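Participant: Okay, so here is work36.txt, and as you'll see once you scroll down, it has compact mmCIF, C-alpha atoms.
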# COMPACT_ATOMS: atom_id res chain seq x y z
CA MET A 1 107.13 134.56 73.06
CA LEU A 2 110.22 133.27 74.87
CA ARG A 3 109.01 129.70 74.39
CA PHE A 4 108.55 130.31 70.66
CA VAL A 5 112.07 131.76 70.34
CA LEU A 6 113.59 128.83 72.23
CA LYS A 7 111.69 126.37 70.07
CA GLN A 8 112.86 128.00 66.85
CA GLY A 9 116.43 128.14 68.16
CA ILE A 10 116.43 124.45 69.03
CA LEU A 11 115.02 123.54 65.61
CA PHE A 12 117.63 125.70 63.87
CA ILE A 13 120.51 124.13 65.80
CA ALA A 14 119.13 120.63 65.20
CA SER A 15 118.92 121.24 61.46
CA CYS A 16 122.48 122.59 61.39
CA VAL A 17 123.96 119.55 63.10
CA ARG A 18 121.57 117.13 61.32
CA ILE A 19 119.75 115.88 64.41
CA ASP A 20 116.55 113.97 63.64
CA MET A 21 114.03 115.69 65.91
CA LEU A 22 111.34 113.14 65.11
CA ALA A 23 113.57 110.29 66.29
CA LEU A 24 114.32 112.24 69.45
CA ALA A 25 110.61 112.80 70.04
CA TYR A 26 109.90 109.08 69.63
CA GLU A 27 112.70 108.26 72.03
CA GLN A 28 111.38 110.73 74.60
CA ARG A 29 107.92 109.13 74.32
CA GLU A 30 109.57 105.70 74.55
CA LEU A 31 108.00 104.53 71.32
CA CYS A 32 109.53 101.48 69.62
CA VAL A 33 110.45 100.05 73.06
CA CYS A 34 108.92 96.68 73.85
CA ASP A 35 107.18 95.56 77.02
CA ILE A 36 107.61 98.76 79.04
CA GLY A 37 104.99 99.58 81.65
CA GLU A 38 103.04 96.35 81.28
CA ARG A 39 104.01 94.72 84.57
CA GLU A 40 103.75 98.04 86.39
CA PHE A 41 100.21 98.50 85.06
CA LEU A 42 99.20 95.07 86.30
CA HIS A 43 100.74 95.61 89.74
CA HIS A 44 99.83 99.21 90.42
CA VAL A 45 96.57 99.81 88.54
CA LEU A 46 94.67 96.70 87.46
CA SER A 47 95.24 94.90 90.79
CA LYS A 48 93.64 97.87 92.59
CA ILE A 49 90.61 97.93 90.30
CA ILE A 50 89.77 94.24 90.69
CA VAL A 51 90.96 93.76 94.26
CA ASN A 52 87.44 92.96 95.54
CA ILE A 53 86.66 90.34 92.88
CA SER A 54 87.13 86.84 94.31
CA GLN A 55 88.31 85.31 91.01
CA PRO A 56 88.64 87.90 88.24
CA ILE A 57 88.63 86.53 84.70
CA LEU A 58 91.46 87.89 82.53
CA LEU A 59 92.06 87.10 78.86
CA ASP A 60 95.54 86.76 77.35
CA CYS A 61 94.86 86.91 73.60
CA GLY A 62 98.05 86.11 71.75
CA ALA A 63 99.45 84.29 74.78
CA ASN A 64 102.61 83.10 73.02
CA LYS A 65 104.77 81.10 75.48
CA GLY A 66 103.13 82.64 78.54
CA ASP A 67 105.27 85.53 79.79
CA TYR A 68 102.32 87.89 80.10
CA THR A 69 100.17 85.26 81.80
CA ALA A 70 102.96 84.76 84.34
CA TRP A 71 103.02 88.53 84.96
CA ILE A 72 99.25 88.49 85.56
CA LEU A 73 99.51 85.69 88.11
CA GLU A 74 102.42 87.46 89.80
CA ALA A 75 100.42 90.67 90.19
CA ILE A 76 96.98 89.12 90.76
CA PRO A 77 97.43 85.64 92.30
CA ASN A 78 93.68 84.97 92.54
CA ALA A 79 93.11 85.61 88.82
CA LYS A 80 91.79 83.07 86.35
CA VAL A 81 93.56 83.48 83.00
CA LEU A 82 92.15 82.25 79.71
CA GLY A 83 95.02 82.12 77.23
CA PHE A 84 94.46 82.02 73.45
CA GLU A 85 97.35 81.04 71.16
CA PRO A 86 96.96 79.60 67.62
CA ASN A 87 100.65 78.84 66.96
CA PRO A 88 101.07 75.09 67.80
CA LYS A 89 104.71 75.47 68.89
CA MET A 90 103.98 78.38 71.23
CA PHE A 91 100.75 76.77 72.45
CA SER A 92 102.69 73.65 73.48
CA LEU A 93 105.17 75.77 75.43
CA TYR A 94 102.29 77.67 77.05
CA VAL A 95 100.51 74.51 78.15
CA SER A 96 103.73 72.96 79.49
CA ARG A 97 104.58 76.11 81.44
CA PHE A 98 101.28 76.17 83.35
CA LEU A 99 100.65 72.45 83.54
CA GLY A 100 98.85 71.69 86.78
CA ASP A 101 98.00 75.34 87.49
CA SER A 102 94.20 75.48 87.75
CA ARG A 103 94.31 79.26 87.37
CA VAL A 104 95.19 78.95 83.67
CA GLN A 105 92.99 77.58 80.89
CA ALA A 106 94.49 77.34 77.40
CA PHE A 107 92.79 77.47 74.00
CA GLN A 108 94.60 76.69 70.74
CA LEU A 109 92.61 79.22 68.77
CA GLY A 110 92.96 82.42 66.84
CA LEU A 111 90.42 85.16 67.51
CA GLY A 112 88.71 87.58 65.16
CA ASN A 113 85.39 89.08 64.11
CA GLU A 114 84.05 85.97 62.40
CA ILE A 115 84.14 82.20 62.73
CA THR A 116 86.34 80.85 59.97
CA SER A 117 89.71 79.27 59.27
CA GLY A 118 92.90 81.07 58.38
CA THR A 119 96.55 80.65 57.49
CA LEU A 120 99.09 81.56 60.11
CA TYR A 121 102.48 82.69 58.78
CA THR A 122 105.52 82.24 60.99
CA PRO A 123 109.29 82.24 60.28
CA SER A 124 110.75 78.75 60.14
CA CYS A 125 113.80 79.69 62.21
CA ASP A 126 113.51 79.06 65.94
CA GLU A 127 114.71 82.57 66.82
CA LEU A 128 111.68 84.20 65.19
CA SER A 129 109.12 81.41 65.36
CA ALA A 130 107.24 83.23 68.14
CA HIS A 131 106.20 85.86 65.58
CA ALA A 132 103.09 84.56 63.85
CA THR A 133 100.54 86.53 61.88
CA LEU A 134 97.53 86.12 59.62
CA SER A 135 98.93 88.85 57.36
CA LYS A 136 101.84 87.60 55.24
CA SER A 137 102.87 91.15 54.34
CA VAL A 138 103.88 91.72 57.98
CA LEU A 139 106.79 89.33 57.41
CA ASP A 140 107.78 90.54 53.94
CA ASP A 141 110.93 92.15 55.33
CA THR A 142 112.34 88.87 56.61
CA SER A 143 114.56 86.69 54.43
CA TYR A 144 113.68 83.52 56.35
CA PRO A 145 111.40 80.89 54.81
CA LEU A 146 107.90 80.83 56.28
CA ASP A 147 105.86 78.03 57.77
CA LEU A 148 102.18 78.05 56.85
CA ILE A 149 99.85 76.77 59.56
CA ASN A 150 96.11 76.27 59.22
CA CYS A 151 94.31 77.61 62.25
CA ARG A 152 90.77 77.94 63.51
CA LEU A 153 89.45 81.45 64.09
CA GLU A 154 86.68 82.06 66.61
CA THR A 155 84.86 85.05 68.03
CA LEU A 156 84.72 85.66 71.75
CA ASN A 157 80.97 86.17 71.39
CA HIS A 158 80.54 82.62 70.07
CA LEU A 159 82.90 81.08 72.60
CA ALA A 160 80.97 82.77 75.42
CA GLU A 161 77.94 80.66 74.50
CA CYS A 162 79.69 77.52 75.75
CA GLU A 163 82.27 78.96 78.16
CA PRO A 164 80.49 80.69 81.09
CA LEU A 165 83.72 82.32 82.30
CA LEU A 166 83.67 84.57 79.24
CA ASN A 167 80.49 86.19 80.51
CA ARG A 168 82.32 87.88 83.39
CA VAL A 169 85.62 89.01 81.86
CA ALA A 170 87.32 91.85 83.76
CA TYR A 171 90.33 92.47 81.50
CA ILE A 172 91.52 91.75 77.97
CA LYS A 173 95.16 91.84 76.82
CA LEU A 174 95.63 91.78 73.05
CA ASP A 175 98.83 91.02 71.17
CA VAL A 176 97.61 89.56 67.87
CA GLU A 177 99.86 91.17 65.28
CA GLY A 178 97.59 93.92 63.99
CA TYR A 179 94.26 92.12 64.40
CA GLU A 180 93.41 93.59 67.81
CA LEU A 181 90.45 95.57 66.48
CA GLN A 182 88.95 92.51 64.79
CA VAL A 183 89.09 90.57 68.06
CA LEU A 184 87.19 93.35 69.82
CA GLN A 185 84.65 93.54 66.99
CA GLY A 186 83.86 89.89 67.69
CA ALA A 187 83.49 90.53 71.44
CA ASP A 188 80.78 93.20 71.74
CA LYS A 189 78.98 91.16 74.44
CA ILE A 190 82.10 91.40 76.61
CA LEU A 191 82.68 95.06 75.71
CA ASN A 192 79.14 95.93 76.78
CA SER A 193 79.28 93.94 80.02
CA SER A 194 79.46 95.58 83.43
CA THR A 195 82.41 93.39 84.49
CA LEU A 196 84.96 94.60 81.91
CA VAL A 197 87.19 97.36 83.29
CA ALA A 198 90.18 97.60 80.93
CA ILE A 199 91.74 96.49 77.65
CA GLN A 200 95.43 96.55 76.79
CA PHE A 201 96.41 96.35 73.13
CA GLU A 202 99.42 96.86 70.91
CA PHE A 203 99.35 99.52 68.20
CA ASN A 204 102.22 99.54 65.74
CA SER A 205 103.35 99.18 62.13
CA MET A 206 101.29 96.02 61.71
CA ASN A 207 98.19 98.20 61.78
CA ILE A 208 99.38 99.62 58.46
CA ASP A 209 99.05 96.15 56.93
CA THR A 210 95.62 95.57 58.45
CA LYS A 211 94.55 99.17 57.66
CA VAL A 212 93.39 99.85 61.21
CA PHE A 213 93.67 103.27 62.79
CA LEU A 214 93.63 104.36 66.42
CA LYS A 215 90.44 106.23 65.52
CA ASP A 216 88.78 102.86 64.92
CA PHE A 217 89.43 101.87 68.55
CA TYR A 218 88.00 105.17 69.75
CA SER A 219 84.92 104.66 67.57
CA LEU A 220 84.39 101.10 68.78
CA LEU A 221 84.89 101.73 72.48
CA GLY A 222 83.22 105.12 72.44
CA PRO A 223 82.99 107.54 75.35
CA ARG A 224 82.96 104.73 77.93
CA PHE A 225 86.77 104.39 77.87
CA ASP A 226 89.76 106.66 78.40
CA PHE A 227 92.97 105.88 76.49
CA TYR A 228 96.54 105.82 77.84
CA ARG A 229 100.02 104.99 76.55
CA LEU A 230 102.20 102.89 78.87
CA ASN A 231 105.83 103.82 79.44
CA SER A 232 108.55 103.24 82.03
CA LYS A 233 107.46 106.29 84.02
CA GLY A 234 103.70 105.80 84.14
CA MET A 235 100.55 106.18 82.05
CA GLU A 236 100.39 108.98 79.51
CA PRO A 237 96.76 110.07 78.91
CA LEU A 238 95.87 110.43 75.23
CA GLY A 239 92.66 112.38 75.88
CA ASP A 240 90.03 112.77 73.19
CA TYR A 241 90.89 111.40 69.78
CA SER A 242 93.61 113.30 67.92
CA GLU A 243 95.30 112.39 64.64
CA ARG A 244 98.60 113.30 66.35
CA ASN A 245 98.37 109.96 68.17
CA GLU A 246 98.18 107.96 64.93
CA LEU A 247 101.77 106.74 65.42
CA PHE A 248 102.54 103.45 63.71
CA THR A 249 105.47 102.62 65.95
CA TYR A 250 105.54 100.05 68.72
CA GLN A 251 103.45 101.09 71.72
CA ASN A 252 101.25 99.50 74.36
CA LEU A 253 97.94 101.28 74.85
CA VAL A 254 95.33 100.80 77.55
CA ALA A 255 91.64 101.65 77.36
CA ILE A 256 90.07 101.94 80.82
CA LYS A 257 86.44 102.43 81.77
CA ARG A 258 86.09 106.09 82.67
CA CYS A 259 84.70 105.29 86.09
CA TRP A 260 88.15 103.86 86.95
CA SER A 261 90.34 106.54 85.40
CA HIS A 262 91.05 108.06 88.81
CA VAL A 263 93.11 104.93 89.63
CA CYS A 264 95.45 105.42 86.67
CA ALA A 265 99.04 106.32 87.54
CA SER A 266 100.76 109.21 85.79
CA ARG A 267 103.86 108.04 87.65
CA TRP A 268 104.52 104.50 88.84
CA PRO A 269 105.07 104.26 92.61
CA ARG A 270 108.75 104.17 93.47
CA VAL A 271 108.62 102.88 97.06
CA GLY A 272 109.34 99.15 97.01
CA HIS A 273 108.94 99.22 93.22
CA GLN A 274 112.11 97.36 92.29
CA LYS A 275 111.71 94.82 95.04
CA LYS A 276 108.19 93.97 93.97
CA LEU A 277 108.82 93.65 90.24
CA ASP A 278 112.33 92.15 90.05
Hey, can you dump this file as structure tokens for me?

Facilitator:
Amino acid sequence: MLRFVLKQGILFIASCVRIDMLALAYEQRELCVCDIGEREFLHHVLSKIIVNISQPILLDCGANKGDYTAWILEAIPNAKVLGFEPNPKMFSLYVSRFLGDSRVQAFQLGLGNEITSGTLYTPSCDELSAHATLSKSVLDDTSYPLDLINCRLETLNHLAECEPLLNRVAYIKLDVEGYELQVLQGADKILNSSTLVAIQFEFNSMNIDTKVFLKDFYSLLGPRFDFYRLNSKGMEPLGDYSERNELFTYQNLVAIKRCWSHVCASRWPRVGHQKKLD
């Protein structure tokens, strides 16, 4: 009863002083904040799960200029990273960055649920050229002219037929501007393999354009995976599917095989934390 009274009092005061409680809730959950928790997850969770694998295979889908790949190699030095990036400008930067590093293999490809070709839309200005998407409507709010780039789209299933490394993937990171579900739909051989332990993917406003819901990820991955939201403090468990988690604001989610959920960190370790990640 006391909790109910306090809640009603807070809501009344907020309405009187015109405080947006929804915005406060998003801020408390650290939604709309980019890149939080990603490096911590790699250092404190994924590295523990795959510590006994001599050369774990990790996929960076939507590799851009290579920041995430660099984080992987920092946290897991013995990893082999397969980076996929269809944007020619970003792909060139990616290749140059890891030139001579045998741990990185680059593919100038887009990924999806079918083998086809597509048009990649990217702002012409250098400041935004890293943002490329197959959905033009994602960029409708920008006043900059767009470059149109033809790109090849592959499925991970098909690529695995000629690239043996794809048959023992341990981890998939997805940042493909709203097409994360389609990439997974074209990778059921990897999803059903015994080697895969976790998938990190973005879920945000771009899923409105591609008409993909969080429920679709739950349906695809089924009861084999537990879902978490990354933040600066740790990993927030989402539990069983709930429509309350259909939040189309920027967030990084992780799906982890349930047999490894005990490794997940509700709070990131603080001892030596800054020294290790800075």

Participant: Pick from A:Gln251, A:Asn245, A:Gln108, A:Gln182: nearest to Leu82 of chain A, with only C-alpha atoms counted?

Facilitator: A:Gln108

Participant: To one decimal in Å, tell me the separation between atom CA of Cys151 of chain A and atom CA of Met206 of chain A.

Facilitator: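 Taking atom CA of Cys151 of chain A and atom CA of Met206 of chain A, their separation equals 19.7 Å.
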
Participant: Can you work out the spacing between atom CA of Thr122 of chain A and atom CA of Phe84 of chain A in Å, to one decimal?

Facilitator: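 Atom CA of Phe84 of chain A lies 16.7 Å from atom CA of Thr122 of chain A.
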
Participant: Of the candidates A:Leu120, A:Leu99, A:Ala132, A:Leu159, which shows the shortest atom-to-atom distance to Ala187 of chain A, using all atoms listed in the file?

Facilitator: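 Nearest candidate to Ala187 of chain A out of A:Leu120, A:Leu99, A:Ala132, A:Leu159: A:Leu159.
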
Participant: Compile a residue-level contact table for segment 108-189 of chain A against segment 63-77 of chain A at a cut-off of 9 Å, reporting for every qualifying residue the shortest atom pair and its distance in Å to one decimal, with only C-alpha atoms counted, rows ordered by chain and ascending number, as CSV.

Facilitator:
residue,atom,partner,partner_atom,distance
A:Ala130,CA,A:Asn64,CA,6.7
A:His131,CA,A:Asn64,CA,8.7
A:Lys173,CA,A:Tyr68,CA,8.8
A:Leu174,CA,A:Ala63,CA,8.6
A:Asp175,CA,A:Ala63,CA,7.7
A:Val176,CA,A:Ala63,CA,8.9

Participant: Take the residues just selected and output them with C-alpha atoms as a PDB file, keeping the file's coordinate frame.

Facilitator:
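The result, written out as out.pdb:
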ATOM      1  CA  ALA A 130     107.240  83.230  68.140  1.00  0.00           C
ATOM      2  CA  HIS A 131     106.200  85.860  65.580  1.00  0.00           C
ATOM      3  CA  LYS A 173      95.160  91.840  76.820  1.00  0.00           C
ATOM      4  CA  LEU A 174      95.630  91.780  73.050  1.00  0.00           C
ATOM      5  CA  ASP A 175      98.830  91.020  71.170  1.00  0.00           C
ATOM      6  CA  VAL A 176      97.610  89.560  67.870  1.00  0.00           C
TER       7      VAL A 176
END

Participant: Atom CA of Ser54 of chain A to atom CA of Trp268 of chain A: how many Å, to one decimal?

Facilitator: 25.4 Å

Participant: Give the padded box for segment 159-169 of chain A as JSON: axis-aligned, covering all atoms listed in the file, 5 Å on each side, centre and edge lengths in Å to one decimal.

Facilitator:
{"center_x": 81.8, "center_y": 83.3, "center_z": 78.0, "size_x": 17.7, "size_y": 21.5, "size_z": 20.8}

Participant: So, with all atoms listed in the file as the atoms that count, which of A:Asn231, A:Gln200, A:Ser205, A:Gln55 lies closest to Val254 of chain A?

Facilitator: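 Answer, going by the shortest atom-to-atom distance: A:Gln200.
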
Participant: What's the 12 Å shell around Glu202 of chain A, counting all atoms listed in the file, without same-chain residues fewer than 2 positions away, as a PyMOL selection string?

Facilitator: chain A and resi 31-36+38+61-62+172-181+199-200+204-207+212-214+217+228-230+247-255

Participant: Residues within 9 Å of (93.4, 74.0, 76.5), file coordinates, counting only C-alpha atoms: what are they? Give the list as a PyMOL selection string.

Facilitator: chain A and resi 82-84+91+95+104-108

Participant: Which residue out of A:Ala79, A:Leu156, A:Leu148, A:Leu165 has the minimum interatomic distance to Glu114 of chain A when all atoms listed in the file are used?

Facilitator: A:Leu156

Participant: Can you pull out every residue within 8 Å of Leu196 of chain A, counting all atoms listed in the file, but drop anything in the same chain fewer than 5 positions away, and send it as a list in words?

Facilitator: Arg168, Val169, Ala170, Tyr171, Ile190, Leu191 and Lys257 of chain A

Participant: Would you mind telling me which residue in A:Pro56, A:Gly186, A:Gly222, A:Pro145 lies nearest to Tyr121 of chain A when using only C-alpha atoms?

Facilitator: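 Once distances to Tyr121 of chain A are computed over only C-alpha atoms, the minimum belongs to A:Pro145.
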
Participant: Please fill the gaps in segment 206-227 of chain A so it has N, CA and C atoms, and write that as a PDB file, keeping the file's coordinate frame.

Facilitator:
ATOM      1  N   MET A 206     102.138  97.072  62.264  1.00  0.00           N
ATOM      2  CA  MET A 206     101.290  96.020  61.710  1.00  0.00           C
ATOM      3  C   MET A 206      99.888  96.528  61.400  1.00  0.00           C
ATOM      4  N   ASN A 207      99.491  97.618  62.071  1.00  0.00           N
ATOM      5  CA  ASN A 207      98.190  98.200  61.780  1.00  0.00           C
ATOM      6  C   ASN A 207      98.153  98.854  60.400  1.00  0.00           C
ATOM      7  N   ILE A 208      99.322  99.132  59.841  1.00  0.00           N
ATOM      8  CA  ILE A 208      99.380  99.620  58.460  1.00  0.00           C
ATOM      9  C   ILE A 208      98.930  98.517  57.525  1.00  0.00           C
ATOM     10  N   ASP A 209      99.415  97.297  57.777  1.00  0.00           N
ATOM     11  CA  ASP A 209      99.050  96.150  56.930  1.00  0.00           C
ATOM     12  C   ASP A 209      97.582  95.802  57.043  1.00  0.00           C
ATOM     13  N   THR A 210      97.027  95.924  58.256  1.00  0.00           N
ATOM     14  CA  THR A 210      95.620  95.570  58.450  1.00  0.00           C
ATOM     15  C   THR A 210      94.695  96.777  58.246  1.00  0.00           C
ATOM     16  N   LYS A 211      95.308  97.949  57.952  1.00  0.00           N
ATOM     17  CA  LYS A 211      94.550  99.170  57.660  1.00  0.00           C
ATOM     18  C   LYS A 211      93.603  99.553  58.806  1.00  0.00           C
ATOM     19  N   VAL A 212      94.146  99.494  60.002  1.00  0.00           N
ATOM     20  CA  VAL A 212      93.390  99.850  61.210  1.00  0.00           C
ATOM     21  C   VAL A 212      94.031 101.071  61.844  1.00  0.00           C
ATOM     22  N   PHE A 213      93.205 102.040  62.179  1.00  0.00           N
ATOM     23  CA  PHE A 213      93.670 103.270  62.790  1.00  0.00           C
ATOM     24  C   PHE A 213      93.291 103.318  64.269  1.00  0.00           C
ATOM     25  N   LEU A 214      93.991 104.153  65.019  1.00  0.00           N
ATOM     26  CA  LEU A 214      93.630 104.360  66.420  1.00  0.00           C
ATOM     27  C   LEU A 214      92.207 104.895  66.515  1.00  0.00           C
ATOM     28  N   LYS A 215      91.801 105.690  65.542  1.00  0.00           N
ATOM     29  CA  LYS A 215      90.440 106.230  65.520  1.00  0.00           C
ATOM     30  C   LYS A 215      89.399 105.122  65.546  1.00  0.00           C
ATOM     31  N   ASP A 216      89.718 103.982  64.928  1.00  0.00           N
ATOM     32  CA  ASP A 216      88.780 102.860  64.920  1.00  0.00           C
ATOM     33  C   ASP A 216      88.541 102.320  66.326  1.00  0.00           C
ATOM     34  N   PHE A 217      89.589 102.316  67.157  1.00  0.00           N
ATOM     35  CA  PHE A 217      89.430 101.870  68.550  1.00  0.00           C
ATOM     36  C   PHE A 217      88.585 102.870  69.335  1.00  0.00           C
ATOM     37  N   TYR A 218      88.820 104.147  69.097  1.00  0.00           N
ATOM     38  CA  TYR A 218      88.000 105.170  69.750  1.00  0.00           C
ATOM     39  C   TYR A 218      86.535 105.025  69.342  1.00  0.00           C
ATOM     40  N   SER A 219      86.293 104.795  68.061  1.00  0.00           N
ATOM     41  CA  SER A 219      84.920 104.660  67.570  1.00  0.00           C
ATOM     42  C   SER A 219      84.232 103.439  68.152  1.00  0.00           C
ATOM     43  N   LEU A 220      84.978 102.337  68.266  1.00  0.00           N
ATOM     44  CA  LEU A 220      84.390 101.100  68.780  1.00  0.00           C
ATOM     45  C   LEU A 220      84.090 101.190  70.269  1.00  0.00           C
ATOM     46  N   LEU A 221      85.039 101.711  71.031  1.00  0.00           N
ATOM     47  CA  LEU A 221      84.890 101.730  72.480  1.00  0.00           C
ATOM     48  C   LEU A 221      84.119 102.954  72.982  1.00  0.00           C
ATOM     49  N   GLY A 222      84.057 103.980  72.148  1.00  0.00           N
ATOM     50  CA  GLY A 222      83.220 105.120  72.440  1.00  0.00           C
ATOM     51  C   GLY A 222      83.616 105.888  73.684  1.00  0.00           C
ATOM     52  N   PRO A 223      82.686 106.672  74.212  1.00  0.00           N
ATOM     53  CA  PRO A 223      82.990 107.540  75.350  1.00  0.00           C
ATOM     54  C   PRO A 223      83.100 106.799  76.686  1.00  0.00           C
ATOM     55  N   ARG A 224      82.900 105.495  76.669  1.00  0.00           N
ATOM     56  CA  ARG A 224      82.960 104.730  77.930  1.00  0.00           C
ATOM     57  C   ARG A 224      84.385 104.551  78.425  1.00  0.00           C
ATOM     58  N   PHE A 225      85.378 104.697  77.533  1.00  0.00           N
ATOM     59  CA  PHE A 225      86.770 104.390  77.870  1.00  0.00           C
ATOM     60  C   PHE A 225      87.660 105.624  77.704  1.00  0.00           C
ATOM     61  N   ASP A 226      88.673 105.700  78.567  1.00  0.00           N
ATOM     62  CA  ASP A 226      89.760 106.660  78.400  1.00  0.00           C
ATOM     63  C   ASP A 226      90.993 105.889  77.923  1.00  0.00           C
ATOM     64  N   PHE A 227      91.814 106.535  77.104  1.00  0.00           N
ATOM     65  CA  PHE A 227      92.970 105.880  76.490  1.00  0.00           C
ATOM     66  C   PHE A 227      94.276 106.414  77.080  1.00  0.00           C
TER      67      PHE A 227
END
